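Below: upload_15.cif (mmCIF, C-alpha atoms)
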data_coords
loop_
_atom_site.label_atom_id
_atom_site.label_comp_id
_atom_site.auth_asym_id
_atom_site.auth_seq_id
_atom_site.Cartn_x
_atom_site.Cartn_y
_atom_site.Cartn_z
CA MET T 1 151.67 82.57 -120.55
CA ASP T 2 152.07 86.34 -120.57
CA SER T 3 152.18 88.16 -117.24
CA GLY T 4 152.09 91.94 -117.08
CA GLY T 5 150.71 94.89 -115.21
CA SER T 6 147.14 94.30 -116.38
CA GLY T 7 146.98 90.62 -115.47
CA LEU T 8 147.95 87.15 -116.63
CA ARG T 9 146.99 85.52 -119.93
CA VAL T 10 147.35 81.89 -120.98
CA ALA T 11 147.24 80.25 -124.41
CA LEU T 12 146.96 76.52 -125.08
CA GLY T 13 148.04 75.10 -128.38
CA THR T 14 149.41 72.07 -130.19
CA ALA T 15 152.90 71.69 -131.53
CA GLY T 16 151.64 71.52 -135.10
CA SER T 17 149.45 74.61 -135.28
CA ASP T 18 150.30 78.32 -135.27
CA ALA T 19 146.94 79.34 -133.83
CA PRO T 20 146.09 78.71 -130.18
CA LEU T 21 143.36 76.22 -129.35
CA ALA T 22 142.10 78.58 -126.66
CA THR T 23 143.11 81.47 -124.46
CA ALA T 24 142.12 82.55 -120.97
CA ALA T 25 142.78 85.60 -118.82
CA CYS T 26 143.24 86.16 -115.09
CA ALA T 27 142.45 89.77 -114.24
CA GLU T 28 144.65 90.00 -111.15
CA PRO T 29 148.28 90.94 -111.85
CA VAL T 30 150.91 88.68 -110.32
CA ARG T 31 152.25 90.26 -107.15
CA THR T 32 155.79 91.58 -106.86
CA GLY T 33 157.47 91.91 -103.47
CA PRO T 34 160.91 92.52 -101.96
CA SER T 35 162.16 89.18 -103.33
CA GLY T 36 160.81 89.77 -106.81
CA ILE T 37 157.89 88.27 -108.73
CA ASP T 38 155.80 86.05 -106.43
CA ALA T 39 156.05 82.52 -107.86
CA ALA T 40 153.37 81.11 -105.53
CA HIS T 41 150.86 83.77 -106.56
CA LEU T 42 151.58 83.10 -110.22
CA LEU T 43 151.02 79.36 -109.74
CA GLU T 44 147.78 79.95 -107.81
CA GLN T 45 146.35 81.56 -110.93
CA LEU T 46 148.15 79.61 -113.64
CA LEU T 47 147.57 75.98 -112.63
CA PRO T 48 143.77 76.00 -112.37
CA THR T 49 143.55 78.03 -115.59
CA VAL T 50 145.70 75.53 -117.49
CA ARG T 51 143.81 72.53 -116.07
CA ASN T 52 140.52 74.12 -117.11
CA LEU T 53 141.80 74.73 -120.64
CA LEU T 54 143.06 71.14 -120.88
CA ALA T 55 139.74 69.73 -119.64
CA ARG T 56 137.75 71.83 -122.11
CA HIS T 57 139.91 70.97 -125.11
CA GLY T 58 140.72 67.30 -124.64
CA GLY T 59 144.36 67.81 -123.81
CA GLY T 60 144.51 65.34 -120.95
CA SER T 61 146.48 66.46 -117.92
CA ARG T 62 149.95 66.83 -119.39
CA ILE T 63 151.79 69.77 -120.95
CA VAL T 64 154.74 68.88 -123.16
CA ALA T 65 156.34 72.33 -123.41
CA ALA T 66 155.69 75.70 -121.85
CA ALA T 67 156.88 79.28 -122.12
CA ILE T 68 156.31 81.80 -119.34
CA GLY T 69 156.79 85.42 -120.34
CA ALA T 70 156.70 88.02 -117.59
CA ALA T 71 157.30 91.73 -117.22
CA GLY T 72 160.28 92.10 -114.91
CA MET T 73 161.56 88.56 -115.52
CA ALA T 74 165.09 89.77 -116.26
CA THR T 75 165.53 91.74 -113.03
CA LEU T 76 162.82 90.38 -110.68
CA GLY T 77 162.51 86.76 -111.82
CA ASP T 78 164.88 84.91 -109.45
CA ARG T 79 162.01 83.17 -107.59
CA LEU T 80 160.37 82.17 -110.86
CA ARG T 81 163.59 80.63 -112.13
CA ALA T 82 164.13 78.84 -108.82
CA GLU T 83 160.60 77.54 -108.18
CA LEU T 84 158.67 77.14 -111.42
CA PRO T 85 160.61 74.30 -113.10
CA ALA T 86 159.92 71.73 -110.37
CA ALA T 87 156.42 73.05 -109.66
CA LEU T 88 155.30 72.80 -113.29
CA ALA T 89 156.95 69.41 -113.75
CA ASP T 90 155.14 68.04 -110.71
CA ALA T 91 151.76 69.62 -111.42
CA LEU T 92 151.54 69.28 -115.21
CA GLY T 93 154.33 66.94 -116.25
CA VAL T 94 156.07 69.73 -118.12
CA ARG T 95 159.25 68.45 -119.74
CA ARG T 96 160.48 71.59 -121.50
CA LEU T 97 160.21 75.10 -120.11
CA ALA T 98 161.30 78.57 -121.18
CA LEU T 99 161.26 81.50 -118.76
CA ALA T 100 161.41 84.70 -120.76
CA ALA T 101 161.36 88.44 -120.28
CA ASP T 102 158.31 90.05 -121.85
CA ALA T 103 160.58 91.80 -124.35
CA VAL T 104 161.67 88.37 -125.62
CA THR T 105 158.11 87.13 -125.99
CA ALA T 106 157.24 90.43 -127.72
CA TYR T 107 160.15 89.74 -130.09
CA ALA T 108 158.96 86.19 -130.78
CA GLY T 109 155.43 87.43 -131.36
CA ALA T 110 156.50 90.25 -133.67
CA VAL T 111 159.53 88.86 -135.54
CA GLY T 112 159.48 85.11 -134.89
CA GLN T 113 162.79 83.26 -134.98
CA ARG T 114 164.53 85.48 -137.52
CA PRO T 115 167.32 88.01 -136.94
CA GLY T 116 165.99 91.50 -136.35
CA ALA T 117 164.86 93.90 -133.69
CA VAL T 118 161.70 94.84 -131.86
CA VAL T 119 160.73 98.05 -130.08
CA ALA T 120 158.01 97.36 -127.52
CA ALA T 121 156.47 100.65 -126.43
CA GLY T 122 153.54 101.47 -124.20
CA THR T 123 153.85 103.25 -120.87
CA GLY T 124 157.55 102.34 -121.01
CA LEU T 125 159.89 101.41 -123.84
CA ILE T 126 162.42 98.69 -124.48
CA ALA T 127 164.26 97.59 -127.61
CA LEU T 128 165.62 94.08 -128.14
CA GLY T 129 167.53 92.67 -131.07
CA THR T 130 169.36 89.50 -132.00
CA ASP T 131 171.45 88.01 -134.76
CA LEU T 132 170.43 84.60 -133.31
CA ALA T 133 173.82 84.36 -131.60
CA GLN T 134 173.21 86.85 -128.78
CA TRP T 135 170.69 89.39 -127.53
CA ARG T 136 171.21 93.14 -127.47
CA ARG T 137 169.00 95.28 -125.22
CA ALA T 138 168.48 99.03 -125.05
CA ASP T 139 166.47 100.98 -122.45
CA GLY T 140 163.58 99.52 -120.50
CA TRP T 141 165.03 101.14 -117.35
CA GLY T 142 161.78 102.64 -116.08
CA HIS T 143 160.39 106.16 -116.16
CA LEU T 144 162.99 107.63 -113.78
CA LEU T 145 166.08 106.30 -115.55
CA GLY T 146 164.97 105.83 -119.13
CA ASP T 147 162.05 104.52 -121.20
CA SER T 148 162.89 107.47 -123.44
CA GLY T 149 160.25 108.06 -126.08
CA GLY T 150 157.67 105.88 -124.33
CA GLY T 151 154.22 106.90 -123.20
CA ALA T 152 155.24 108.16 -119.76
CA TRP T 153 158.13 110.10 -121.32
CA ILE T 154 155.82 111.77 -123.85
CA GLY T 155 153.18 112.49 -121.23
CA ARG T 156 155.69 114.02 -118.83
CA ALA T 157 157.16 116.21 -121.58
CA GLY T 158 153.67 117.38 -122.47
CA LEU T 159 152.82 118.20 -118.86
CA ASP T 160 156.13 120.03 -118.49
CA ALA T 161 155.28 122.18 -121.52
CA ALA T 162 151.83 122.84 -120.06
CA MET T 163 153.26 123.94 -116.70
CA ARG T 164 155.74 126.18 -118.51
CA ALA T 165 152.83 127.89 -120.22
CA HIS T 166 151.11 128.29 -116.87
CA ASP T 167 154.23 129.96 -115.43
CA GLY T 168 154.99 132.05 -118.51
CA ARG T 169 158.31 130.30 -119.08
CA ARG T 170 159.98 129.68 -122.42
CA GLY T 171 158.97 126.42 -124.14
CA GLY T 172 155.41 126.48 -122.86
CA SER T 173 152.35 125.34 -124.78
CA PRO T 174 148.99 127.01 -124.17
CA ALA T 175 147.32 124.20 -126.09
CA LEU T 176 148.76 121.56 -123.77
CA LEU T 177 147.90 123.69 -120.74
CA ALA T 178 144.29 123.71 -121.87
CA ARG T 179 144.33 119.92 -122.21
CA LEU T 180 145.99 119.52 -118.79
CA GLU T 181 143.23 121.55 -117.14
CA ALA T 182 140.53 119.66 -119.05
CA VAL T 183 141.93 116.30 -117.93
CA PHE T 184 143.31 117.00 -114.44
CA GLY T 185 141.78 120.30 -113.31
CA PRO T 186 143.63 123.50 -112.36
CA ALA T 187 147.36 123.30 -113.10
CA PRO T 188 148.56 124.22 -109.57
CA GLY T 189 146.79 121.12 -108.23
CA LEU T 190 148.63 118.69 -110.52
CA PRO T 191 151.56 117.93 -108.16
CA GLY T 192 149.14 116.92 -105.40
CA LEU T 193 147.34 114.60 -107.81
CA LEU T 194 150.47 113.10 -109.34
CA TYR T 195 153.18 112.71 -106.71
CA PRO T 196 151.35 110.50 -104.19
CA ARG T 197 150.29 108.00 -106.88
CA THR T 198 151.96 104.60 -106.97
CA ASP T 199 150.93 104.26 -110.63
CA ARG T 200 152.66 107.50 -111.61
CA PRO T 201 154.08 106.17 -114.92
CA ALA T 202 150.59 105.19 -116.08
CA VAL T 203 149.20 108.61 -115.09
CA LEU T 204 151.95 110.34 -117.05
CA ALA T 205 151.34 108.08 -120.04
CA SER T 206 147.64 108.88 -119.96
CA PHE T 207 148.53 112.39 -121.17
CA ALA T 208 150.50 111.15 -124.20
CA PRO T 209 147.38 110.94 -126.45
CA GLU T 210 146.66 114.58 -125.60
CA VAL T 211 150.11 115.48 -126.93
CA ALA T 212 149.35 113.57 -130.14
CA THR T 213 146.01 115.34 -130.52
CA CYS T 214 147.66 118.76 -130.19
CA ALA T 215 150.59 117.95 -132.50
CA ALA T 216 148.74 118.86 -135.71
CA HIS T 217 148.36 122.51 -134.68
CA ASP T 218 150.86 123.04 -131.84
CA PRO T 219 154.60 123.18 -132.64
CA VAL T 220 155.59 122.34 -129.05
CA ALA T 221 153.54 119.13 -129.05
CA GLU T 222 154.82 118.29 -132.53
CA GLY T 223 158.38 118.79 -131.30
CA ILE T 224 157.80 116.45 -128.34
CA LEU T 225 156.69 113.65 -130.66
CA ARG T 226 159.61 114.32 -133.00
CA ALA T 227 162.00 114.06 -130.03
CA ALA T 228 160.28 110.84 -128.93
CA ALA T 229 160.72 109.44 -132.44
CA GLY T 230 164.44 110.21 -132.22
CA HIS T 231 164.75 108.31 -128.93
CA ILE T 232 162.82 105.32 -130.30
CA ALA T 233 165.01 105.17 -133.40
CA GLU T 234 168.16 105.43 -131.23
CA ALA T 235 167.04 102.43 -129.19
CA ALA T 236 166.31 100.44 -132.36
CA ALA T 237 169.69 101.37 -133.84
CA ALA T 238 171.47 100.22 -130.67
CA VAL T 239 170.08 96.67 -130.93
CA CYS T 240 169.57 96.06 -134.64
CA PRO T 241 172.00 93.49 -136.11
CA LYS T 242 174.59 95.07 -138.33
CA ALA T 243 174.14 94.77 -142.09
CA GLY T 244 176.04 91.84 -143.56
CA ALA T 245 178.17 91.69 -146.65
CA ASP T 246 175.04 91.42 -148.79
CA ASP T 247 173.66 94.57 -147.11
CA GLU T 248 170.52 92.66 -146.13
CA GLU T 249 167.79 94.74 -144.50
CA CYS T 250 167.23 94.49 -140.75
CA GLU T 251 163.57 94.00 -139.87
CA VAL T 252 162.48 96.33 -137.04
CA ALA T 253 159.09 95.47 -135.60
CA LEU T 254 157.11 98.12 -133.74
CA THR T 255 154.76 96.66 -131.16
CA GLY T 256 152.77 98.00 -128.24
CA GLY T 257 150.01 100.47 -127.57
CA LEU T 258 152.13 103.59 -128.09
CA PHE T 259 152.16 103.11 -131.84
CA ARG T 260 148.37 103.29 -131.96
CA MET T 261 148.91 107.06 -131.81
CA GLY T 262 149.24 106.82 -135.58
CA ASP T 263 150.76 109.40 -137.90
CA PRO T 264 151.63 112.11 -135.34
CA LEU T 265 154.27 109.70 -134.00
CA LEU T 266 154.77 107.25 -136.88
CA VAL T 267 155.59 109.83 -139.56
CA PRO T 268 158.56 111.35 -137.68
CA LEU T 269 159.56 107.86 -136.49
CA ARG T 270 159.80 106.55 -140.06
CA GLU T 271 161.94 109.57 -140.93
CA GLU T 272 164.24 108.94 -137.95
CA LEU T 273 164.55 105.23 -138.71
CA ALA T 274 165.47 106.01 -142.32
CA ARG T 275 168.12 108.44 -141.10
CA GLN T 276 169.60 106.34 -138.26
CA LEU T 277 169.03 102.85 -139.72
CA PRO T 278 169.13 103.12 -143.50
CA HIS T 279 169.40 99.33 -143.85
CA ALA T 280 166.34 98.68 -141.68
CA ARG T 281 162.73 98.06 -142.67
CA ALA T 282 160.05 98.98 -140.14
CA VAL T 283 157.19 96.48 -139.96
CA PRO T 284 154.16 96.19 -137.69
CA GLY T 285 154.39 93.40 -135.13
CA SER T 286 152.69 90.22 -136.35
CA GLY T 287 151.76 89.01 -132.88
CA ASP T 288 151.63 90.01 -129.22
CA PRO T 289 153.68 88.65 -126.28
CA LEU T 290 151.15 85.86 -125.59
CA ILE T 291 151.50 84.62 -129.17
CA GLY T 292 155.25 84.97 -128.74
CA SER T 293 155.14 82.73 -125.65
CA LEU T 294 153.15 80.16 -127.60
CA ARG T 295 155.66 80.24 -130.47
CA ILE T 296 158.55 79.68 -128.06
CA ALA T 297 156.71 76.75 -126.45
CA GLN T 298 156.02 75.24 -129.86
CA ALA T 299 159.67 75.59 -130.84
CA LEU T 300 160.70 73.88 -127.58
CA ALA T 301 158.23 71.06 -128.19
CA GLY T 302 159.80 70.38 -131.57
CA GLY T 303 163.40 70.92 -130.50
CA GLY T 304 163.73 73.88 -132.86
CA LEU T 305 164.22 76.92 -130.64
CA LEU T 306 166.60 79.24 -132.51
CA LEU T 307 166.38 82.30 -130.26
CA PRO T 308 169.53 82.51 -128.11
CA HIS T 309 169.43 81.34 -124.51
CA HIS T 310 170.28 83.90 -121.84
CA PRO T 311 170.46 83.54 -118.03
CA THR T 312 167.73 86.13 -117.44
CA LEU T 313 166.21 87.12 -120.78
CA LEU T 314 165.49 83.58 -122.05
CA CYS T 315 166.28 80.87 -119.52
CA ILE T 316 165.80 77.18 -120.38
CA PRO T 317 166.10 75.41 -117.01
CA LEU T 318 166.70 71.67 -116.62
CA SER T 319 164.82 69.25 -114.38
CA GLY T 320 166.17 65.75 -114.28
CA PRO T 321 168.05 63.82 -116.98
CA ASP T 322 165.18 63.70 -119.51
CA ARG T 323 163.03 66.59 -118.47
CA HIS T 324 163.39 70.20 -119.44
CA PRO T 325 160.64 71.92 -117.46
CA GLY T 326 158.78 74.35 -119.25
CA THR T 327 153.41 76.22 -120.52
CA GLY T 328 151.20 76.05 -123.32
CA VAL T 329 151.73 73.25 -125.86
CA THR T 330 150.25 69.76 -125.95
CA GLU T 331 151.37 66.98 -128.23
CA GLN T 332 149.53 66.95 -131.56
CA GLY T 333 146.41 64.87 -131.21
CA SER T 334 146.66 64.50 -127.45
#

Produce structure tokens that represent the structure in this file.
Amino acid sequence: MDSGGSGLRVALGTAGSDAPLATAACAEPVRTGPSGIDAAHLLEQLLPTVRNLLARHGGGSRIVAAAIGAAGMATLGDRLRAELPAALADALGVRRLALAADAVTAYAGAVGQRPGAVVAAGTGLIALGTDLAQWRRADGWGHLLGDSGGGAWIGRAGLDAAMRAHDGRRGGSPALLARLEAVFGPAPGLPGLLYPRTDRPAVLASFAPEVATCAAHDPVAEGILRAAAGHIAEAAAAVCPKAGADDEECEVALTGGLFRMGDPLLVPLREELARQLPHARAVPGSGDPLIGSLRIAQALAGGGLLLPHHPTLLCIPLSGPDRHPGTGVTEQGS
């Protein structure tokens, strides 16, 4: 399972196959409240979806191993860690369970179970790396405290440059001001549109493609993307395993919607990675967080999970002497 801001997705597979048997989506995002991610709301959506997938694909009523990946798991997942093991064991007979931050499932989907690093970038940005002994994390602190180089960061920098042009201040971009007014209306009205919004990071990020469009002919926009590339490379460098005695390359996977901007961002990013991480090799992610969850569940089913356990990033809870609660994989042939 992969739970994020746009909803909840579920994949069902067998332990012996890389490809999922089937996937399903629940459009409603799992609620988050004062006590964190709402475990009951997650189960309300997850259990009927899993039962329907099992019924349609001959999987019986039992799940052998499961992996739940969720945005906010590391900091807001206390209720999930407390309530899901017993609930999934009782409802689906789950014996092995992994509860993972979405950055971990993005890593598993992009890199697999090899040493390396992943930068997951969309509205926000987080980097995660491992040498298979421990995890290293950089950023992912939200648009007020970090997410440097992510979509909201780029969009805010572009809007700042536009407002500077409106005021006649140094560092302004008339090109970005024109795009601001085309997208949002007159510049003086932007604060009234932006500040009351609860989805402010997404609104800021919505302007990032405008920055990319202007970068080919506007030096201010081009400079914003070059600065973003520097921040992204810094995050990757902070988490990438150090080169060993054989000077083996570190694989850095780039995953998430931000990198669909293409060359305006990727060209300066490759330059920054070569400068800051000369032993690294940038690769596109080979799978998304849902595929990463499925890979973790498959590894649990076979007793071959190599990714390091962590109390909040990748928790493997226990439930009884022979049961390790954990979604998504049926026994081969079941």

Practice task
Find the residues near Leu132 of chain T: any atom within 12 Å, counting only C-alpha atoms, skip ones fewer than 2 places away on the same chain, and give them as a list in words.
Solution key: Tyr107, Ala108, Val111, Gly112, Gln113, Arg114, Pro115, Gly116, Ala117, Leu128, Gly129, Thr130, Gln134, Trp135, Arg136, Cys240, Pro241, Leu305, Leu306, Leu307, Pro308, His309 and His310 of chain T

Problem - Separation of atom CA of Ala227 of chain T from atom CA of Leu194 of chain T, in Å and rounded to one decimal - result: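 If I compute the distance from atom CA of Ala227 of chain T to atom CA of Leu194 of chain T, I get 23.7 Å.
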
Problem - Gap from atom CA of Arg281 of chain T to atom CA of Glu251 of chain T - Å, one decimal - result: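 Separation of atom CA of Arg281 of chain T and atom CA of Glu251 of chain T: 5.0 Å.
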
Practice task
Tell me which protein, DNA and RNA residues are within 8 Å of Ala24 of chain T, counting all atoms listed in the file, leaving out same-chain ones fewer than 6 positions away, and put them as an MDAnalysis selection string.
Solution key: chainID T and resid 9:11 49 53

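Omitting Leu204 of chain T and its sequence neighbours fewer than 4 positions away, and counting only C-alpha atoms, the residues within 6 Å are Ala152, Gly155 and Arg156 of chain T.
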